[in-house]
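**Q** Quick one, entry.txt (compact mmCIF, C-alpha atoms):
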# COMPACT_ATOMS: atom_id res chain seq x y z
CA MET T 1 22.27 1.98 -9.68
CA ILE T 2 23.35 4.48 -7.04
CA GLN T 3 22.82 3.43 -3.41
CA VAL T 4 22.75 6.00 -0.62
CA GLN T 5 21.96 5.98 3.10
CA LEU T 6 22.28 9.66 3.95
CA ILE T 7 19.76 12.40 3.22
CA GLU T 8 22.52 14.71 2.03
CA GLU T 9 23.64 12.12 -0.55
CA LEU T 10 20.04 11.64 -1.67
CA LYS T 11 19.47 15.36 -2.11
CA ASN T 12 22.69 15.78 -4.09
CA ASN T 13 21.62 13.09 -6.54
CA ILE T 14 18.11 14.51 -6.83
CA LYS T 15 19.61 17.93 -7.52
CA GLU T 16 21.71 16.49 -10.35
CA ALA T 17 18.69 14.73 -11.87
CA LYS T 18 16.61 17.89 -11.76
CA PHE T 19 19.46 19.96 -13.20
CA SER T 20 19.37 17.58 -16.19
CA ASN T 21 15.58 18.13 -16.47
CA LYS T 22 14.86 14.50 -15.68
CA SER T 23 11.35 13.63 -14.50
CA ILE T 24 11.47 11.69 -11.24
CA GLY T 25 9.27 8.71 -10.42
CA PHE T 26 9.30 7.52 -6.81
CA VAL T 27 8.49 4.10 -5.32
CA PRO T 28 8.50 4.16 -1.49
CA THR T 29 8.73 0.71 0.16
CA MET T 30 9.55 -1.04 3.41
CA GLY T 31 11.67 -3.57 1.57
CA TYR T 32 11.52 -7.35 1.34
CA LEU T 33 10.61 -6.74 -2.27
CA HIS T 34 8.34 -8.94 -4.39
CA GLU T 35 6.66 -8.78 -7.78
CA GLY T 36 4.14 -6.25 -6.52
CA HIS T 37 6.92 -3.76 -5.82
CA MET T 38 8.50 -4.56 -9.18
CA SER T 39 5.25 -3.69 -10.95
CA LEU T 40 5.45 -0.24 -9.36
CA VAL T 41 9.03 0.15 -10.58
CA LYS T 42 8.03 -1.05 -14.04
CA GLN T 43 5.36 1.62 -14.37
CA ALA T 44 7.63 4.28 -12.88
CA ARG T 45 10.39 3.30 -15.33
CA ARG T 46 7.95 3.52 -18.24
CA GLU T 47 6.71 7.00 -17.27
CA ASN T 48 9.83 8.75 -15.97
CA ASP T 49 13.46 9.51 -16.80
CA TYR T 50 14.77 8.78 -13.31
CA VAL T 51 13.41 6.23 -10.82
CA VAL T 52 14.01 6.46 -7.08
CA MET T 53 13.12 3.70 -4.62
CA SER T 54 13.28 4.00 -0.86
CA ILE T 55 13.57 1.07 1.55
CA PHE T 56 12.76 2.06 5.12
CA VAL T 57 11.00 -0.02 7.76
CA ASN T 58 9.19 2.88 9.36
CA PRO T 59 8.89 2.52 13.15
CA ALA T 60 6.36 5.36 13.30
CA GLN T 61 3.66 3.16 11.75
CA PHE T 62 4.10 0.20 14.11
CA GLY T 63 1.92 0.10 17.22
CA PRO T 64 3.03 -0.96 20.72
CA ASN T 65 1.71 -4.51 20.20
CA GLU T 66 3.24 -4.91 16.72
CA ASP T 67 6.67 -6.46 16.50
CA LEU T 68 8.83 -4.13 14.44
CA ALA T 69 11.82 -6.45 14.85
CA LYS T 70 9.99 -9.32 13.12
CA TYR T 71 9.30 -7.41 9.91
CA PRO T 72 11.23 -9.30 7.19
CA ARG T 73 14.38 -7.62 5.88
CA ASP T 74 16.92 -8.56 3.21
CA LEU T 75 18.70 -5.49 1.88
CA GLN T 76 21.20 -7.42 -0.25
CA ARG T 77 18.42 -9.26 -2.07
CA ASP T 78 16.34 -6.08 -2.36
CA SER T 79 19.25 -4.14 -3.85
CA LYS T 80 19.77 -6.79 -6.50
CA MET T 81 16.07 -6.81 -7.41
CA ALA T 82 15.89 -3.01 -7.55
CA LYS T 83 18.92 -2.82 -9.83
CA GLU T 84 17.57 -5.49 -12.17
CA ALA T 85 14.21 -3.70 -12.34
CA GLY T 86 15.81 -0.46 -13.48
CA VAL T 87 15.92 1.66 -10.33
CA ASP T 88 18.37 4.54 -10.73
CA LEU T 89 18.71 5.52 -7.08
CA LEU T 90 18.09 3.37 -3.99
CA PHE T 91 17.71 5.23 -0.69
CA PHE T 92 17.90 3.06 2.45
CA PRO T 93 18.31 5.30 5.50
CA GLN T 94 18.66 4.26 9.12
CA VAL T 95 16.06 5.35 11.68
CA ASN T 96 18.32 8.00 13.22
CA GLU T 97 18.79 9.51 9.76
CA MET T 98 15.05 9.82 9.09
CA TYR T 99 14.09 10.76 12.66
CA PRO T 100 17.08 12.48 14.26
CA GLN T 101 14.87 14.38 16.71
CA ASP T 102 11.26 14.80 17.80
CA GLY T 103 10.17 18.41 17.68
CA GLY T 104 6.67 17.54 18.89
CA ILE T 105 4.88 18.30 15.61
CA SER T 106 2.67 15.49 14.30
CA ILE T 107 0.56 14.77 11.23
CA GLN T 108 -2.77 13.11 11.92
CA ALA T 109 -4.85 11.17 9.43
CA GLY T 110 -8.54 12.07 9.34
CA THR T 111 -11.71 9.99 9.51
CA GLN T 112 -10.50 7.70 6.72
CA ALA T 113 -8.10 6.20 9.27
CA ASN T 114 -10.80 5.21 11.78
CA ILE T 115 -12.18 2.23 9.83
CA LEU T 116 -10.88 -0.90 8.07
CA CYS T 117 -7.25 -1.54 9.10
CA GLY T 118 -7.09 1.73 11.01
CA SER T 119 -9.74 0.67 13.53
CA SER T 120 -7.40 -1.96 14.98
CA ARG T 121 -4.16 -0.03 14.40
CA PRO T 122 -4.59 3.39 16.06
CA GLY T 123 -1.90 5.80 14.98
CA HIS T 124 -0.69 3.58 12.14
CA PHE T 125 -1.69 5.95 9.35
CA ASP T 126 -0.34 8.94 11.27
CA GLY T 127 3.02 7.18 11.03
CA VAL T 128 2.52 6.51 7.33
CA LEU T 129 1.78 10.18 6.65
CA LYS T 130 4.81 11.20 8.71
CA VAL T 131 7.23 9.17 6.62
CA VAL T 132 5.70 9.84 3.19
CA THR T 133 5.63 13.58 3.88
CA LYS T 134 9.35 13.50 4.63
CA LEU T 135 10.12 11.31 1.63
CA PHE T 136 8.03 13.40 -0.78
CA HIS T 137 9.94 16.54 0.28
CA LEU T 138 13.32 14.80 0.03
CA VAL T 139 12.80 13.08 -3.34
CA GLU T 140 10.70 15.83 -4.97
CA PRO T 141 9.12 13.42 -7.46
CA LYS T 142 6.83 14.23 -10.31
CA THR T 143 4.92 11.00 -9.72
CA VAL T 144 4.70 8.48 -6.86
CA TYR T 145 3.54 4.88 -7.17
CA PHE T 146 1.46 2.83 -4.72
CA GLY T 147 -0.23 -0.54 -5.07
CA GLN T 148 -4.00 -0.90 -4.79
CA LYS T 149 -3.67 -3.80 -2.34
CA ASP T 150 -3.00 -1.28 0.45
CA ALA T 151 -6.10 0.62 -0.59
CA GLN T 152 -6.78 2.45 2.68
CA GLN T 153 -3.21 3.70 2.79
CA LEU T 154 -3.51 4.76 -0.85
CA ALA T 155 -6.76 6.65 -0.19
CA ILE T 156 -5.28 8.52 2.78
CA ILE T 157 -2.12 9.45 0.86
CA GLU T 158 -4.21 10.66 -2.09
CA THR T 159 -6.18 12.84 0.35
CA LEU T 160 -2.99 14.23 1.89
CA VAL T 161 -1.58 15.13 -1.53
CA LYS T 162 -4.83 16.76 -2.65
CA ASP T 163 -5.66 18.63 0.57
CA TYR T 164 -2.14 19.98 1.09
CA ASN T 165 -1.28 20.71 -2.54
CA PHE T 166 1.76 18.48 -2.84
CA PRO T 167 3.27 19.14 -6.29
CA LEU T 168 3.12 15.54 -7.42
CA GLU T 169 0.74 12.94 -8.82
CA VAL T 170 -0.21 9.68 -7.12
CA ARG T 171 -0.49 6.65 -9.41
CA ARG T 172 -2.61 3.64 -8.45
CA VAL T 173 -1.08 0.38 -9.63
CA GLU T 174 -3.12 -2.82 -9.78
CA THR T 175 -2.40 -5.57 -7.27
CA VAL T 176 -0.01 -8.28 -8.46
CA ARG T 177 -1.18 -11.80 -7.68
CA GLU T 178 0.02 -15.35 -7.44
CA PRO T 179 -1.32 -17.74 -10.13
CA ASP T 180 -4.05 -18.85 -7.71
CA GLY T 181 -5.20 -15.27 -7.07
CA LEU T 182 -3.57 -14.57 -3.72
CA ALA T 183 -2.30 -10.99 -3.54
CA LYS T 184 1.50 -10.79 -3.41
CA SER T 185 2.71 -9.73 0.03
CA SER T 186 5.89 -9.93 2.07
CA ARG T 187 3.68 -11.31 4.85
CA ASN T 188 2.64 -14.41 2.89
CA VAL T 189 5.79 -16.18 4.13
CA PHE T 190 4.15 -16.40 7.57
CA LEU T 191 1.28 -18.61 6.31
CA SER T 192 1.32 -22.32 7.18
CA PRO T 193 0.89 -24.74 4.24
CA LYS T 194 -2.78 -25.23 5.16
CA GLU T 195 -3.38 -21.49 5.45
CA ARG T 196 -1.58 -20.87 2.16
CA SER T 197 -3.97 -23.31 0.44
CA GLU T 198 -6.96 -21.49 1.94
CA ALA T 199 -5.82 -17.90 1.39
CA PRO T 200 -6.86 -17.62 -2.30
CA MET T 201 -10.47 -18.00 -1.15
CA ILE T 202 -10.29 -14.38 0.03
CA ARG T 203 -10.08 -13.25 -3.58
CA LYS T 204 -12.84 -15.65 -4.62
CA ALA T 205 -15.11 -14.29 -1.88
CA ILE T 206 -14.50 -10.71 -3.00
CA LYS T 207 -15.33 -11.62 -6.59
CA LEU T 208 -18.60 -13.22 -5.49
CA GLY T 209 -19.56 -10.12 -3.51
CA HIS T 210 -18.63 -7.88 -6.43
CA GLU T 211 -20.71 -9.91 -8.89
CA HIS T 212 -23.76 -9.76 -6.64
CA PHE T 213 -23.47 -6.03 -6.05
CA LYS T 214 -23.19 -5.24 -9.76
CA LEU T 215 -26.40 -7.16 -10.40
CA ASN T 216 -28.46 -5.98 -7.43
CA GLN T 217 -26.81 -2.91 -5.84
CA ASP T 218 -27.48 -4.54 -2.45
CA ILE T 219 -24.62 -3.60 -0.13
CA ALA T 220 -25.67 -5.74 2.82
CA ARG T 221 -26.22 -8.85 0.70
CA ALA T 222 -22.93 -8.39 -1.19
CA LYS T 223 -21.08 -8.20 2.12
CA GLN T 224 -22.90 -11.23 3.48
CA ILE T 225 -22.05 -13.33 0.43
CA THR T 226 -18.40 -12.36 0.83
CA ILE T 227 -18.43 -13.20 4.55
CA GLN T 228 -20.16 -16.54 4.02
CA HIS T 229 -17.65 -17.73 1.43
CA ILE T 230 -14.74 -16.85 3.70
CA GLU T 231 -16.30 -18.56 6.71
CA ASP T 232 -17.06 -21.68 4.68
CA ASN T 233 -13.58 -22.03 3.19
CA ILE T 234 -11.03 -20.43 5.51
CA SER T 235 -9.96 -21.39 9.02
CA GLY T 236 -8.86 -17.82 9.77
CA LYS T 237 -10.99 -15.18 11.46
CA ILE T 238 -12.55 -12.25 9.61
CA ASP T 239 -11.38 -8.84 10.77
CA TYR T 240 -13.65 -6.87 8.46
CA VAL T 241 -15.64 -6.96 5.23
CA GLU T 242 -16.69 -3.50 4.03
CA LEU T 243 -18.16 -1.99 0.86
CA LEU T 244 -17.45 1.75 0.73
CA SER T 245 -17.03 4.72 -1.60
CA TYR T 246 -13.47 5.34 -2.74
CA PRO T 247 -11.28 7.19 -1.92
CA SER T 248 -13.47 8.91 0.70
CA LEU T 249 -14.13 5.55 2.45
CA THR T 250 -17.69 6.43 3.47
CA ASN T 251 -21.05 4.67 3.17
CA ASP T 252 -22.29 7.34 0.76
CA LEU T 253 -22.19 5.53 -2.59
CA LEU T 254 -22.88 8.16 -5.23
CA ASN T 255 -23.80 7.19 -8.78
CA ASP T 256 -20.55 8.55 -10.22
CA THR T 257 -18.16 7.26 -7.55
CA ASP T 258 -15.70 4.43 -7.35
CA VAL T 259 -16.37 1.84 -4.69
CA ILE T 260 -14.22 -0.72 -2.88
CA LEU T 261 -15.03 -4.10 -1.39
CA ALA T 262 -12.28 -4.60 1.18
CA VAL T 263 -11.50 -7.65 3.32
CA ALA T 264 -9.04 -8.48 6.10
CA VAL T 265 -8.59 -11.96 7.57
CA PHE T 266 -6.52 -13.05 10.58
CA PHE T 267 -4.56 -16.28 10.29
CA GLU T 268 -2.46 -17.64 13.14
CA ASN T 269 0.68 -15.57 12.48
CA VAL T 270 -0.40 -13.05 9.88
CA ARG T 271 -3.27 -10.80 8.83
CA LEU T 272 -4.01 -10.63 5.10
CA ILE T 273 -5.85 -7.87 3.26
CA ASP T 274 -7.32 -7.72 -0.23
CA ASN T 275 -9.87 -5.68 -2.13
CA MET T 276 -11.52 -4.91 -5.44
CA MET T 277 -12.35 -1.45 -6.82
CA TRP T 278 -14.85 -0.55 -9.51
CA ASN T 279 -17.11 2.27 -10.64
CA ILE T 280 -20.66 2.07 -9.30
CA LYS T 281 -22.08 2.58 -12.83
CA GLU T 282 -20.57 -0.72 -14.02
CA ARG T 283 -23.07 -3.32 -15.12
CA TYR T 284 -22.79 -6.67 -16.89
Now, as a test, write the supplied structure out as structure tokens.
**A**
Amino acid sequence: MIQVQLIEELKNNIKEAKFSNKSIGFVPTMGYLHEGHMSLVKQARRENDYVVMSIFVNPAQFGPNEDLAKYPRDLQRDSKMAKEAGVDLLFFPQVNEMYPQDGGISIQAGTQANILCGSSRPGHFDGVLKVVTKLFHLVEPKTVYFGQKDAQQLAIIETLVKDYNFPLEVRRVETVREPDGLAKSSRNVFLSPKERSEAPMIRKAIKLGHEHFKLNQDIARAKQITIQHIEDNISGKIDYVELLSYPSLTNDLLNDTDVILAVAVFFENVRLIDNMMWNIKERY
């Protein structure tokens, strides 16, 4: 596995891969890798000749009240995991390499960013679009891979790629879970033992809401069932429970659309998100 920090080194390696007519699959991450990231690499490895992973804790997507310094980092461990998973090129730039200057031009996410996680993190998805736009241009992949756990981010990136004709395809990869159903996340390390025992109830609540909606098509009741199960079984505080069309993230549920039931819960030191997607035509 080749490891590079500089954009020039990255571009030289990408040029060589393209000269050899290798298809490039790209997995952008912020590091502190877990099985969820490895599932992205696995699919990218299966579908491409050359797999690139980036590790960059992007300051542009952290708000003023979010502690960038506390985001977990372990590059040595991450490098080992990436190599074992079959990554061909690992790009781990410093901030001054990715953002050497500010020319005053910004990319702003649309209405999709004003709900769910975006409602409490203004500017977050602008920062996400800033970094993925740069990375997409630098890596020039055929296909990019994102997990469904970060569904709002995925929807906004899909919209960016479609609306601005990026010459690549976005792949949705199913969420990887612990044996008890908790979605894998680098933030799970911040849960107390009691919170960790409660956290799988988020998934259970989503399943209950999903089952009710498929039987009755009652959005309000499906959300209420989800909320009630969380409140009855988790000491954390609900941030949101929403049932929306996907990827538009609106309340207009058309008969041929995918939908998402999305949940976020605050615990003492961490906020967890999870969701389930399905087509509105599904029935038992």
**Q** Restricting the calculation to only C-alpha atoms: of T:Asp258, T:Asp126, T:Asp88, T:Asp274, which residue gets closest to Ile105 in chain T?
**A**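 Smallest separation from Ile105 in chain T among the options: T:Asp126.
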**Q** Between T:Leu215, T:Ala151, T:Leu272, T:Asp232, which residue has the minimum interatomic distance to Leu244 in chain T, considering only C-alpha atoms?
**A**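 Of T:Leu215, T:Ala151, T:Leu272, T:Asp232, the one nearest Leu244 in chain T, counting only C-alpha atoms, is T:Ala151.
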**Q** In Å, how far is it from CA of Arg187 in chain T to CA of Leu135 in chain T?
**A** 23.7 Å
**Q** With a distance cut-off of 9 Å and all atoms listed in the file, select the neighbouring residues of Glu35 in chain T, excluding the residue or stretch itself and same-chain residues fewer than 6 positions from it, and output the selection as a ChimeraX atom specification.
**A** /T:176-177,184-185
**Q** CA of Val51 in chain T and CA of Gly25 in chain T, how far apart in Å?
**A**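 Between CA of Gly25 in chain T and CA of Val51 in chain T the gap is 4.8 Å.
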**Q** Please provide as a VMD selection string all residues within 6 Å of range 223-229 of chain T, with the sequence filter that same-chain residues fewer than 3 positions apart are discarded (counting only C-alpha atoms).
**A** chain T and resid 205 to 206 209 220 232
**Q** State, in Å with one decimal place, the distance from CA of Met276 in chain T to CA of Leu261 in chain T.
**A**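 CA of Leu261 in chain T lies at a distance of 5.4 Å from CA of Met276 in chain T.
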**Q** Looking at only C-alpha atoms, which of T:Glu195, T:Ala17, T:Val263, T:Asn275 is the one that sits closest to Gly236 in chain T?
**A**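 Of T:Glu195, T:Ala17, T:Val263, T:Asn275, the one nearest Gly236 in chain T is T:Glu195, counting only C-alpha atoms.
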**Q** Restricting the calculation to only C-alpha atoms, which member of T:Tyr99, T:Lys281, T:Asp180, T:Ile230 is positioned closest to Arg196 in chain T?
**A**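 Of T:Tyr99, T:Lys281, T:Asp180, T:Ile230, the one nearest Arg196 in chain T, counting only C-alpha atoms, is T:Asp180.
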**Q** Which one is closest to Val27 in chain T: T:Leu191, T:Val144, T:Met81, T:Val259? Count only C-alpha atoms.
**A** T:Val144
**Q** Between T:Thr143, T:Gln3, T:Ser119, T:Gln217, which residue has the minimum interatomic distance to Pro167 in chain T, considering all atoms listed in the file?
**A**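 Comparing T:Thr143, T:Gln3, T:Ser119, T:Gln217 against Pro167 in chain T, the winner is T:Thr143.
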**Q** Any idea what's packed within 9 Å of Gln5 in chain T, counting all atoms listed in the file, ignoring anything in its chain fewer than 4 positions away? Could you give it as a PDB file with C-alpha atoms, in the coordinates of the input?
**A**
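See out00.pdb below for the written result:
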ATOM      1  CA  GLU T   9      23.640  12.120  -0.550  1.00  0.00           C
ATOM      2  CA  LEU T  10      20.040  11.640  -1.670  1.00  0.00           C
ATOM      3  CA  LEU T  90      18.090   3.370  -3.990  1.00  0.00           C
ATOM      4  CA  PHE T  91      17.710   5.230  -0.690  1.00  0.00           C
ATOM      5  CA  PHE T  92      17.900   3.060   2.450  1.00  0.00           C
ATOM      6  CA  PRO T  93      18.310   5.300   5.500  1.00  0.00           C
ATOM      7  CA  GLN T  94      18.660   4.260   9.120  1.00  0.00           C
ATOM      8  CA  GLU T  97      18.790   9.510   9.760  1.00  0.00           C
TER       9      GLU T  97
END
**Q** Leaving out range 110-112 of chain T and any residue of its chain fewer than 2 positions from it, which residues lie within 12 Å of it when counting all atoms listed in the file, given as a VMD selection string?
**A** chain T and resid 107 to 108 114 to 119 122 to 126 129 151 to 160 163 244 to 251
**Q** Write out the residues from the selection above, keeping C-alpha atoms, as a short mmCIF file (atom, residue, chain, number, x, y, z; two decimals), keeping the file's coordinate frame.
**A**
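Resulting contents of part_8.cif:
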data_model
loop_
_atom_site.label_atom_id
_atom_site.label_comp_id
_atom_site.auth_asym_id
_atom_site.auth_seq_id
_atom_site.Cartn_x
_atom_site.Cartn_y
_atom_site.Cartn_z
CA ILE T 107 0.56 14.77 11.23
CA GLN T 108 -2.77 13.11 11.92
CA ASN T 114 -10.80 5.21 11.78
CA ILE T 115 -12.18 2.23 9.83
CA LEU T 116 -10.88 -0.90 8.07
CA CYS T 117 -7.25 -1.54 9.10
CA GLY T 118 -7.09 1.73 11.01
CA SER T 119 -9.74 0.67 13.53
CA PRO T 122 -4.59 3.39 16.06
CA GLY T 123 -1.90 5.80 14.98
CA HIS T 124 -0.69 3.58 12.14
CA PHE T 125 -1.69 5.95 9.35
CA ASP T 126 -0.34 8.94 11.27
CA LEU T 129 1.78 10.18 6.65
CA ALA T 151 -6.10 0.62 -0.59
CA GLN T 152 -6.78 2.45 2.68
CA GLN T 153 -3.21 3.70 2.79
CA LEU T 154 -3.51 4.76 -0.85
CA ALA T 155 -6.76 6.65 -0.19
CA ILE T 156 -5.28 8.52 2.78
CA ILE T 157 -2.12 9.45 0.86
CA GLU T 158 -4.21 10.66 -2.09
CA THR T 159 -6.18 12.84 0.35
CA LEU T 160 -2.99 14.23 1.89
CA ASP T 163 -5.66 18.63 0.57
CA LEU T 244 -17.45 1.75 0.73
CA SER T 245 -17.03 4.72 -1.60
CA TYR T 246 -13.47 5.34 -2.74
CA PRO T 247 -11.28 7.19 -1.92
CA SER T 248 -13.47 8.91 0.70
CA LEU T 249 -14.13 5.55 2.45
CA THR T 250 -17.69 6.43 3.47
CA ASN T 251 -21.05 4.67 3.17
#
**Q** I'd like the neighbourhood of Gly86 in chain T as an MDAnalysis selection string, where a residue qualifies if any of its atoms comes within 12 Å (using all atoms listed in the file), though same-chain residues fewer than 5 positions away should be ignored.
**A** chainID T and resid 1:2 25 27 38:46 48:53 79:81
